[in-house]
Protein chains: 2
Amino acid sequence: MTNSVQASGDPAAGFAPLRPPSSADAPPASEPGGVTRARGFRAVGVHAGFRKDPSRLDLALVVADEPCACAAVFTRNVFCAAPVTVSRAQLGADQPGEPAYGTARAVVVNSGNANAATGERGLETARATTRIVGDAVGCPADEVLVASTGVIGEHLPLEPFETGVPAAAAALSPDGGADAARAIMTTDTLPKEAAASFDGADIGYAGCTFFVGGMAKGSGMIMPNMATMIAVVTTDAPVLPHDLHKALARAAGASFNKVTVDSDTSTNDSCFLLASGAAAPAGAEPFAPGTPAFAAFEQALGDVCQNLARQMAADGEGATRLVTVNVTGAATPADADAAARAVANSPLVKTAVYGHDANWGRVAMAIGKSGAAFRQQDAAIDIMGMPVCRGGLTVPFDEDEALRRFENPEIVIDVDLGAGDAATTVWTCDFSHDYVTINGDYRS
Amino acid sequence: MTNSVQASGDPAAGFAPLRPPSSADAPPASEPGGVTRARGFRAVGVHAGFRKDPSRLDLALVVADEPCACAAVFTRNVFCAAPVTVSRAQLGADQPGEPAYGTARAVVVNSGNANAATGERGLETARATTRIVGDAVGCPADEVLVASTGVIGEHLPLEPFETGVPAAAAALSPDGGADAARAIMTTDTLPKEAAASFDGADIGYAGCTFFVGGMAKGSGMIMPNMATMIAVVTTDAPVLPHDLHKALARAAGASFNKVTVDSDTSTNDSCFLLASGAAAPAGAEPFAPGTPAFAAFEQALGDVCQNLARQMAADGEGATRLVTVNVTGAATPADADAAARAVANSPLVKTAVYGHDANWGRVAMAIGKSGAAFRQQDAAIDIMGMPVCRGGLTVPFDEDEALRRFENPEIVIDVDLGAGDAATTVWTCDFSHDYVTINGDYRS
């Protein structure tokens, strides 16, 4: 079957895809390993008792061998959780959105309870946690960062930290990254780790190999309340805290902030980046912005964050497909972002992907309502590399071939607005019956 | 069961609901009847052949006895359909968003094909339709307004108009409103009509009773492409075109524009308002803005539009519940709107309602990410009149009572941001398995 309104009188006119097939969206090249791939870090995941199931890890600890540079980005939701407030303050940021960076030694993450909507008592619990961890790993409490994920509106008990943290500290290991990644999971079906490396030869650090590695948990929302995006990334490159924050803000903006599972933002979203400098010779100069070394670091950091972000989108609640939305030809970066998010957040687009339906009309509707500036007659859309809309009109396509391409675990939608040079990529997942089941079950 | 974090130390403290129970959201008081309730209008609904099923009405015609004042509001989606472009131009508006008003005699609506993404040929079809209707009812083509709803990307055939319109014109009747309302349905499960009246005694038109009545079809999206909100409203009050447009823009802003079924906006949304003046004595002064007569008219128009809007939300695809979101205490009207829409569009809130879950954390998350200015500790939330959050903290509530209240066909969520005096109401529906089924089925 082909549609009857065509962009060309000749169904065989053969429009070229918007992007060459060679640029298919493969995950960025990566190393094995996660948050302990970089030198100078140990980690562990244990069962401390936040969850009832003793087989379920629920406490992760990431500890640097020495105090090291740290930066973080946090949720901007007005309803932000106690650990966000405490960690933000530890890194010198009093208000949401202020740059947060400084020196840190440890990051502690519990799952099972978000310590959100818990008022002053929740803040006290988060502060007490930093003291417990400081005592156990031998650092001041203000070098400990804290994050929580799980149910909101219930007080986070301190007891599991009191017993669990000393046990966890005793088990810290340079091979502990995988357990740590498991301990921060909530509704995630898989742990999420990624790592990347770059060689120092061409960037003024001959003989050195640098690593960036991290772990994350997903942004899908959970019963009975919402869950959280949490990521901890480490590197053994030498970077000063202020520069680390700039690099993290950029990398998160092009990765975690471009993931939208259900257009909702959690109370607890936190992303930490620690730099030990352990791969550089003692006394080596830190990577300075503008140098090839800093560019190589940013590339590796971006790859790790993007890899983790794609894993989060692919593991959205009830997801059967990762959906990548590429928008090009936007008049401004803000327009590109608005158009891509409108497509990625549209329940109609997401159910169409679930139904293996190359329904470009829904993509057109989404970009049309996004507020992005463009003219209908300049818009072009590809689905899975198949041109389906040119000049705002239907392009005939082979529906059998489309169904075949929908078997792919990643569905790619390309939109060219024909209005400028700005572009962006956003990741999401499809919308399935399981999403409704997971989020619509009775709480009681 | 009660939650463990409380806004007060005393679970029996008994917070008052944000709104008194007497202000429950009942539909505005209304008359029976629809688009032919007002004098001076006839209507009809026939099967013209846009749909294959001969038992399905697919062409509606609404005709005024005399040329009369008319105003309209249209979709602002960049992908707008041919009939929108043509009707907008008939009413003197060349660009989206320009005030559209003038003189009209007839409105023709077909279902089954949206005449969208059809290029120049689609515009020609829409223009030809106005000529066919003009010939059949005896008026110039430029006094005919046109709207279409159904699949997009396929050419709208002219033949069903050529045979159907003359037959329809011959069957026009002052009792034809109900058939017309059926003829514009797509995935709607019920036709939507509403009417209201007001007495002329106290507003300078003694001995007169005025009516406002209308019909609408829903905004839920359909397979294989998106559907449309279409409304046609008539009145026998005497109002000049320019004033009619002002009243319609205000009424639509507080009704149709406050409905959000899946946050998506169609290519074809159109709302027409025609004023015959037939209830006023010959030569009577038109209702002038600022007078009690105009205020009474606006009240009745607002009631009809709000009644239709609520019917649309309640009949959203797969809906099991109408959801009314009231936001008060916002710093600005824009903040109130942003917060209410964030709640109404949140898939997490909508699936929670489907699951009969008084999950205020999801409501808090939605307002927190909305961009509306407020402080967490000032926020209050009621669900079905039960206080569930005060000062940003959980209020203990009886979950059995909550489940009982969720049996109601309308679920009301009240939010007080504690940041100012602005308020708004938005309507939506819950998110069910059927929504995914309806929108995720294979097209082929």
# chains A, B, ... in the order shown; residues from 1 in each chain; ligands from 1
>>> residues_around(residues="Ala194 (chain B)", least_positions_apart="6", cutoff="6 Å", atoms="only C-alpha atoms", output="CSV table (one decimal) with all heavy atoms, in the first residue's frame")
chain,number,residue,atom,x,y,z
B,34,GLY,N,-28.9,21.4,20.5
B,34,GLY,CA,-27.6,21.7,20.0
B,34,GLY,C,-27.6,22.8,19.0
B,34,GLY,O,-28.1,23.9,19.3
B,213,GLY,N,-26.4,27.4,21.2
B,213,GLY,CA,-26.4,26.0,21.2
B,213,GLY,C,-25.3,25.5,20.2
B,213,GLY,O,-24.9,26.3,19.4
B,214,GLY,N,-24.8,24.3,20.4
B,214,GLY,CA,-23.7,23.9,19.6
B,214,GLY,C,-23.5,22.4,19.5
B,214,GLY,O,-24.1,21.7,20.3
B,304,VAL,N,-21.9,26.9,27.2
B,304,VAL,CA,-22.1,25.9,26.1
B,304,VAL,C,-20.7,25.4,25.7
B,304,VAL,O,-20.5,24.2,25.6
B,304,VAL,CB,-22.8,26.5,24.9
B,304,VAL,CG1,-22.6,25.7,23.7
B,304,VAL,CG2,-24.2,26.8,25.2
>>> residues_around(residues="Thr186 (chain B)", least_positions_apart="2", cutoff="9 Å", atoms="only C-alpha atoms", output="ChimeraX atom specification")
/B:111-112,149-150,183-184,188-189,217-218,222,227-228
>>> atom_distance(atom1="CA of Ile132 (chain B)", atom2="CA of Leu274 (chain B)")
20.4 Å
>>> select_by_dssp(residues="region 89-243 of chain A", states="strand (DSSP E or B)", output="PyMOL selection string")
chain A and resi 100-113+144-151+173+192-199+209-217+230-235
>>> closest_residue(among="B:Cys80, B:Asp378, B:Thr85, B:Gly392", to="Gly361 (chain B)", atoms="only C-alpha atoms")
B:Gly392
>>> residues_around(residues="Phe287 (chain A)", least_positions_apart="2", cutoff="10 Å", atoms="only C-alpha atoms", output="PyMOL selection string")
chain A and resi 203-205+237-240+243-244+277+284-285+289-297
>>> write_last_selection(atoms="all heavy atoms", output="short mmCIF file (atom, residue, chain, number, x, y, z; two decimals), in the first residue's frame")
data_model
loop_
_atom_site.label_atom_id
_atom_site.label_comp_id
_atom_site.auth_asym_id
_atom_site.auth_seq_id
_atom_site.Cartn_x
_atom_site.Cartn_y
_atom_site.Cartn_z
N ILE A 203 48.33 14.45 22.77
CA ILE A 203 47.75 15.59 23.48
C ILE A 203 48.66 16.10 24.59
O ILE A 203 48.22 16.78 25.52
CB ILE A 203 46.36 15.23 24.05
CG1 ILE A 203 46.44 14.02 24.98
CG2 ILE A 203 45.36 14.97 22.93
CD1 ILE A 203 45.13 13.70 25.72
N GLY A 204 49.94 15.71 24.50
CA GLY A 204 50.90 16.25 25.44
C GLY A 204 51.09 15.44 26.71
O GLY A 204 51.73 15.91 27.66
N TYR A 205 50.55 14.22 26.72
CA TYR A 205 50.73 13.36 27.90
C TYR A 205 51.19 11.98 27.44
O TYR A 205 50.55 10.96 27.69
CB TYR A 205 49.42 13.26 28.71
CG TYR A 205 49.00 14.57 29.34
CD1 TYR A 205 48.39 15.57 28.58
CD2 TYR A 205 49.25 14.81 30.69
CE1 TYR A 205 48.02 16.78 29.15
CE2 TYR A 205 48.88 16.03 31.27
CZ TYR A 205 48.27 16.99 30.50
OH TYR A 205 47.92 18.19 31.07
N ALA A 237 41.68 11.47 34.48
CA ALA A 237 42.33 12.63 33.88
C ALA A 237 42.43 13.74 34.94
O ALA A 237 41.60 13.79 35.85
CB ALA A 237 41.52 13.13 32.68
N PRO A 238 43.44 14.59 34.83
CA PRO A 238 43.58 15.69 35.78
C PRO A 238 42.80 16.92 35.28
O PRO A 238 43.17 17.52 34.27
CB PRO A 238 45.09 15.95 35.78
CG PRO A 238 45.54 15.56 34.41
CD PRO A 238 44.59 14.52 33.89
N VAL A 239 41.72 17.25 35.97
CA VAL A 239 40.91 18.40 35.57
C VAL A 239 40.53 19.17 36.83
O VAL A 239 40.15 18.57 37.84
CB VAL A 239 39.63 17.96 34.83
CG1 VAL A 239 38.86 19.17 34.30
CG2 VAL A 239 39.94 16.99 33.70
N LEU A 240 40.62 20.49 36.80
CA LEU A 240 40.25 21.32 37.95
C LEU A 240 38.73 21.35 38.11
O LEU A 240 37.99 21.23 37.12
CB LEU A 240 40.79 22.73 37.78
CG LEU A 240 42.32 22.83 37.77
CD1 LEU A 240 42.76 24.28 37.50
CD2 LEU A 240 42.91 22.34 39.10
N ASP A 243 36.63 23.60 35.74
CA ASP A 243 36.61 23.11 34.35
C ASP A 243 35.81 21.82 34.24
O ASP A 243 35.13 21.57 33.23
CB ASP A 243 38.04 22.89 33.86
CG ASP A 243 38.84 24.18 33.88
OD1 ASP A 243 38.23 25.26 33.69
OD2 ASP A 243 40.05 24.10 34.10
N LEU A 244 35.88 21.01 35.29
CA LEU A 244 35.11 19.77 35.33
C LEU A 244 33.62 20.07 35.22
O LEU A 244 32.86 19.39 34.53
CB LEU A 244 35.41 19.05 36.65
CG LEU A 244 35.26 17.54 36.72
CD1 LEU A 244 36.14 16.84 35.68
CD2 LEU A 244 35.62 17.04 38.12
N GLY A 277 42.78 12.38 38.47
CA GLY A 277 44.08 12.72 37.91
C GLY A 277 45.11 11.60 38.02
O GLY A 277 46.29 11.80 37.69
N ALA A 284 51.71 16.68 37.08
CA ALA A 284 51.38 17.08 35.70
C ALA A 284 50.36 18.22 35.73
O ALA A 284 49.58 18.35 36.66
CB ALA A 284 50.81 15.90 34.93
N GLU A 285 50.40 19.05 34.70
CA GLU A 285 49.44 20.14 34.58
C GLU A 285 48.03 19.60 34.37
O GLU A 285 47.84 18.65 33.59
CB GLU A 285 49.78 21.00 33.36
CG GLU A 285 50.90 21.98 33.58
CD GLU A 285 50.48 23.11 34.53
OE1 GLU A 285 49.48 23.79 34.24
OE2 GLU A 285 51.16 23.28 35.58
N PRO A 289 41.00 23.99 29.48
CA PRO A 289 40.04 24.20 28.38
C PRO A 289 40.71 24.86 27.19
O PRO A 289 41.55 25.75 27.36
CB PRO A 289 38.99 25.13 29.01
CG PRO A 289 39.05 24.82 30.47
CD PRO A 289 40.51 24.51 30.76
N GLY A 290 40.36 24.41 26.00
CA GLY A 290 40.96 24.96 24.79
C GLY A 290 42.12 24.14 24.28
O GLY A 290 42.55 24.32 23.14
N THR A 291 42.64 23.22 25.08
CA THR A 291 43.75 22.38 24.64
C THR A 291 43.23 21.10 24.01
O THR A 291 42.09 20.68 24.28
CB THR A 291 44.65 22.00 25.83
OG1 THR A 291 43.88 21.23 26.76
CG2 THR A 291 45.19 23.24 26.53
N PRO A 292 44.07 20.43 23.20
CA PRO A 292 43.67 19.13 22.64
C PRO A 292 43.35 18.12 23.75
O PRO A 292 42.46 17.28 23.59
CB PRO A 292 44.89 18.70 21.83
CG PRO A 292 45.59 19.97 21.50
CD PRO A 292 45.35 20.90 22.64
N ALA A 293 44.05 18.20 24.88
CA ALA A 293 43.81 17.26 25.97
C ALA A 293 42.39 17.42 26.50
O ALA A 293 41.66 16.44 26.72
CB ALA A 293 44.82 17.49 27.09
N PHE A 294 41.99 18.66 26.69
CA PHE A 294 40.64 18.90 27.22
C PHE A 294 39.58 18.44 26.22
O PHE A 294 38.55 17.86 26.59
CB PHE A 294 40.46 20.38 27.56
CG PHE A 294 39.34 20.63 28.54
CD1 PHE A 294 39.54 20.44 29.91
CD2 PHE A 294 38.08 21.01 28.11
CE1 PHE A 294 38.52 20.66 30.83
CE2 PHE A 294 37.05 21.23 29.02
CZ PHE A 294 37.27 21.05 30.38
N ALA A 295 39.87 18.69 24.92
CA ALA A 295 38.92 18.25 23.88
C ALA A 295 38.79 16.73 23.89
O ALA A 295 37.67 16.19 23.76
CB ALA A 295 39.38 18.75 22.52
N ALA A 296 39.90 16.04 24.05
CA ALA A 296 39.85 14.57 24.08
C ALA A 296 39.06 14.09 25.29
O ALA A 296 38.28 13.14 25.22
CB ALA A 296 41.27 14.00 24.09
N PHE A 297 39.28 14.75 26.41
CA PHE A 297 38.53 14.40 27.62
C PHE A 297 37.04 14.63 27.42
O PHE A 297 36.19 13.78 27.74
CB PHE A 297 39.05 15.23 28.81
CG PHE A 297 38.12 15.22 29.99
CD1 PHE A 297 37.87 14.04 30.69
CD2 PHE A 297 37.48 16.39 30.40
CE1 PHE A 297 37.00 14.03 31.77
CE2 PHE A 297 36.61 16.38 31.48
CZ PHE A 297 36.37 15.20 32.17
#
>>> residues_around(residues="His242 (chain A)", least_positions_apart="4", cutoff="9 Å", atoms="only C-alpha atoms", output="list of chain:residue names")
A:Ala69, A:Cys70, A:Ala71, A:Pro99, A:Ala100, A:Tyr101, A:Gly102, A:Lys246, A:Ala247
>>> select_by_dssp(residues="region 156-279 of chain A", states="alpha helix (DSSP H)", output="ChimeraX atom specification")
/A:159-170,177-183,241-253
>>> residues_around(residues="Ala402 (chain B)", least_positions_apart="3", cutoff="10 Å", atoms="only C-alpha atoms", output="list in words")
His356, Asp357, Ala358, Ile383, Met384, Gly385, Met386, Phe397, Asp398, Glu399, Arg405, Phe406 and Glu407 of chain B
